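Have a look at the structure below, then the notes.
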Amino acid sequence: MSRHISYREALREALRESLQTDPRVFLMGEDVGCYGGTYAVSKGLLEEFGPERVRDTPLSELGFVGAGIGAALGGMRPIVEVMTVNFSLLALDPIVNSAAMLHHMSGGQFSVPLVIRMATGAGRQVAAQHSNSFEGWYAHVPGLRVLSPATVEDARGMLRAALADPDPVLIFEHAQLYNSEGELPDDETAALDIASARVRRSGSDVSLITHGGSLPKALQAAEQLATQGIAAEVIDLRVLRPLDDATVMASVRKCRRAVLVDEAWRSGSLAAELMARIAEQAFFDLDAPLARVCSEEVPIPYPRHLEEAALPQVDKIVAAVQALMGVGA
Amino acid sequence: MIEFKLPSLGADMDEGTLLAWHVKPGDTVKRGQVVAVVDTSKAAVDVEIWHDGVVHELLVKVGEKVPVATVLATLLAPGEVAPTGPAPSSALPEKPGHREPGAAIHDAPLSGQPRSARSDEVSVQGPRAISAPVPGVRDVPSRRPVSPSARRRARELGIDPETVVGSGAQGSVTLADIEAVHAATAQSRAEQAPTPAEPAAASDRQQDMRKAIAAAMSRSKSEIPHYYLAETIPMQRALDWLQQRNEGLPITERILTAALLLKAVALALQRTPELNGFYRDGRFEPSAAVHPGVAISLRGGGLLAPALHDVGDKPLAQLMRELADLVKRARAGSLRSSEMADPTLTITNLGEQSVQSVFGVIYPPQVALVGFGSIEVRPWVEDGKLVAQPLLCATLAADHRASDGHRGALFLAALRERLQQPQTLA
């Protein structure tokens, strides 16, 4: 029997399962314990597992991410929650220079089996400094695996695979998704791969390539386009590093048109990287210029109407597809 | 810039297929030089150019079928400087207007660029925007946008994507556009050729030629009010003179009667210019020069009537050589465009078939056709005595819009007189 569940509950169940099944696993971060997590993901876990395994930290990303790396090197399986990606910039040095590179720097002697969870994205009127989408930055770094669960199934299943990975894995949870709901499939405990992209909607006219918080928008756009006779295929990248080129190219070769949808800014972005790969690998299959719908290149505004105008939206995706199809917008 | 257009090589030609270019961009060409070979429905014709200059661009690709008056190439007049763009390259351009991509880049708006970011990027784009424009660069037509997959498919199907109307983003030609053209041509081909049997190329050509002749002759018979005259011409003197002249000469240098008749017709026309020229746009245009078209039957069937130029002015020996060459080339299918386009009247000689006389159909826009039957020895009354004499029946089919029977009769009389003084035809 499939089960209706929220994204937040799916994440909490995954955390509880890993705390239950592996004594090396512990959760650490700001407000994860007494407060139950800023987004209430870890609510109740302190009571269930105690302060040894659900640890509140000081407001020091540099410090507690570094401590997580040390614990991973020492044989633990830490899950470090950085409240949002905005604050992870304080921990860039331990994440990039230590977690990502120690395996290489030690000549393969050390691995860093660390999982870092972060909320990402905009759309909640929390202003520029709390609305960034920097997952593409991390996807730039060799040595990291970067996940972007967009469905309850991935929210439930990706953590187990991430903990099984001997190297650091970053999981980006779009803040807009926590309240979203979906069906967990019957085999909800089946291991999910953290290497491949998925076709979330099949189509033949245009590939909408997206991930995370933009997936629901892309699916909605595809629904609207279908009423206009345009069959959009929606690809959920799921894994931002390493990218699953094969799935992307198969879709682009089929549809011959592609629109990248990503909440990050366009310049030097993950969307730019994907466009480059498509141009490299599927150029002769293209029937239209590549296009992308990204955030406007401004600090994300606070006022609701301006914030909405700055972010990728369903109508923008529809308009981009229509332009590619030569349909008068 | 001089435009070199596909000439009409006869009333029955409205399009031609380019078989070969003999020149490339950058080549200097002289008036009268053969620059291309074009397949009409009748023959492969060497097309001459009528200007001195330097080839600038070849605009039609080998294998393309284009209507008469299509610009095949552009020439720079002597001293003219190429207007813009890259120097003529030796490579055949796919189509006019193909240029280095750089030229158009700065014109293309970055659609979807956020307004607010524009100001940030002015300093980045500034230097490029200043350095990019080249004088005259605006005149360069930009390359027609064809999507990569459409271009690839077009190549597979042998379709020129530049000729397809685009329906895609920014007016681009898409895969679907190419497939639509392919489907349409396949369908029209199927409709035009209901018999699926594959006819050989040769019989295709014969069919095409048959169609071309049918069109020209139908037009002639429906438009031209023909009148016909016949005259019997004693040939004893002419044949005697020829025999005398040919005596002792190797076969290759002997003059045949056909050449003598050509010259005789050309000279006889001097007094009746209304038989030599063209009827166009409701009026007759006489031609000062006499370029008889010589009807040549082809071995595979069909008929050509290419011109021998300025026949009245040429010595008989030269005419004979040129006639032999013309027949040979007509049968080999390598005529020149001027030979196809220039005939001012037609001469048909069915003497070899031993028919007595031929009443021809005028080849429009010409106004006359002279026909010769076989030369046979028959009874003839001369000076009140019955003698055996080689006789030739000469006929005239003429356009009543340009001349009357009286003038036609004058011509045949003049022809007869010329042939009684063969030494004047030398």
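Please note that chains go A, B, ... in the order of the structure tokens, that every chain numbers its residues from 1, and that ligands are numbered from 1 in the order shown.
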
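Every protein or nucleic acid residue with an atom no more than 7 Å from region 86-90 of chain A, counting only C-alpha atoms and leaving out same-chain residues fewer than 3 positions away, appears here: Glu61, Leu62, Val82, Gln129, His130 and Asn132 of chain A.
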
* Exercise answer, chain A residues close to chain B, 7 Å and only C-alpha atoms, as a ChimeraX atom specification -> /A:283-288,296-297,323-326

Limited to N, CA and C atoms, could you put the picked residues into a file as a CSV table (one decimal), in the first residue's frame?
chain,number,residue,atom,x,y,z
A,283,PHE,N,24.5,18.3,-29.9
A,283,PHE,CA,24.3,19.4,-30.8
A,283,PHE,C,23.5,19.1,-32.0
A,284,PHE,N,23.8,18.1,-32.7
A,284,PHE,CA,23.2,17.8,-34.0
A,284,PHE,C,21.8,17.3,-33.9
A,285,ASP,N,21.4,17.0,-32.6
A,285,ASP,CA,20.0,16.6,-32.4
A,285,ASP,C,19.1,17.8,-32.1
A,286,LEU,N,19.7,18.9,-31.9
A,286,LEU,CA,18.9,20.1,-31.5
A,286,LEU,C,18.1,20.6,-32.6
A,287,ASP,N,16.9,21.0,-32.3
A,287,ASP,CA,16.0,21.6,-33.4
A,287,ASP,C,15.6,23.0,-33.0
A,288,ALA,N,16.2,23.5,-31.9
A,288,ALA,CA,16.0,24.9,-31.5
A,288,ALA,C,17.1,25.3,-30.6
A,296,GLU,N,16.2,35.9,-11.8
A,296,GLU,CA,16.8,37.2,-12.3
A,296,GLU,C,18.1,37.5,-11.5
A,297,GLU,N,19.0,38.1,-12.2
A,297,GLU,CA,20.3,38.3,-11.5
A,297,GLU,C,20.3,39.5,-10.6
A,323,ALA,N,8.4,30.0,-27.1
A,323,ALA,CA,9.4,30.7,-27.9
A,323,ALA,C,10.2,29.7,-28.7
A,324,LEU,N,10.6,28.6,-28.0
A,324,LEU,CA,11.4,27.5,-28.7
A,324,LEU,C,10.6,26.8,-29.8
A,325,MET,N,9.3,26.7,-29.5
A,325,MET,CA,8.5,26.0,-30.5
A,325,MET,C,8.1,26.9,-31.6
A,326,GLY,N,8.5,28.1,-31.6
A,326,GLY,CA,8.0,29.1,-32.6
A,326,GLY,C,6.6,29.4,-32.5

* To do: Would you list the contacts of Ser354 (chain B) as a list of chain:residue names, taking every protein, DNA or RNA residue within 8 Å and counting only C-alpha atoms, but skipping same-chain residues closer than 6 positions in sequence?
  =>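 The residues that qualify are B:Gly373, B:Ser374, B:Ile375.
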
Taking N, CA and C atoms for each residue, export the selection above as a CSV table (one decimal), in the first residue's frame.
chain,number,residue,atom,x,y,z
B,373,GLY,N,13.9,18.5,-99.7
B,373,GLY,CA,13.7,17.1,-99.9
B,373,GLY,C,14.9,16.5,-100.5
B,374,SER,N,14.8,15.3,-101.1
B,374,SER,CA,15.9,14.7,-101.7
B,374,SER,C,16.2,15.2,-103.1
B,375,ILE,N,17.4,15.0,-103.5
B,375,ILE,CA,17.8,15.4,-104.9
B,375,ILE,C,17.6,14.2,-105.8

* To do: Taking the chain letters and numbering used in this document, name the residues of region 145-305 of chain A that DSSP puts in alpha helix (DSSP H), as a PyMOL selection string.
  => chain A and resi 152-164+215-227+245-255+270-282+304-305

* Which neighbours of Val45 (chain B) fall inside 6 Å, counting only C-alpha atoms, when residues of the same chain fewer than 3 positions from it are skipped, and could you give them as a ChimeraX atom specification? -> /B:37-38,334-337

* For Ser220 (chain B), list every protein, DNA or RNA residue within 10 Å, evaluated using only C-alpha atoms, and leave out those in the same chain fewer than 2 positions away; present the list as a list of chain:residue names. =>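 Final neighbour list, sorted by chain and number: B:Ala214, B:Ala215, B:Ala216, B:Met217, B:Ser218, B:Ser222, B:Glu223, B:Ile224, B:Pro225, B:His226, B:Val361, B:Ile362, B:Tyr363, B:Pro364, B:Pro365, B:Gln366, B:Val367, B:Asp399.
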
* Structure fact -> Students should find that CA of Asp52 (chain B) and CA of Asp310 (chain B) are spaced 22.8 Å

* So which bits of region 321-423 of chain B end up strand (DSSP E or B) when you DSSP the backbone, as an MDAnalysis selection string? -> chainID B and resid 335:336 345:349 366 368:382 385:399

* To do: Might you pull out every residue within 12 Å of Leu192 (chain A), with only C-alpha atoms counted and same-chain residues fewer than 5 positions away left off, and present them as number ranges by chain?
  => A: 147, 149, 153-164, 185, 187, 197-198, 238-239

* To do: Would you mind reading off the distance between CA of Pro242 (chain A) and CA of Asp167 (chain A), one decimal, in Å?
  =>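 Between CA of Pro242 (chain A) and CA of Asp167 (chain A) the gap works out to 13.0 Å.
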
* Structure fact -> Here CA of Asn246 (chain B) and CA of Ala317 (chain B) stand apart by 10.7 Å

* For region 217-225 of chain A, work out the shell of residues within 9 Å, counting only C-alpha atoms and skipping chain neighbours fewer than 6 positions away, then give it as a ChimeraX atom specification. => /A:200-201,203,208-210,231-234,261,312-318,321-322
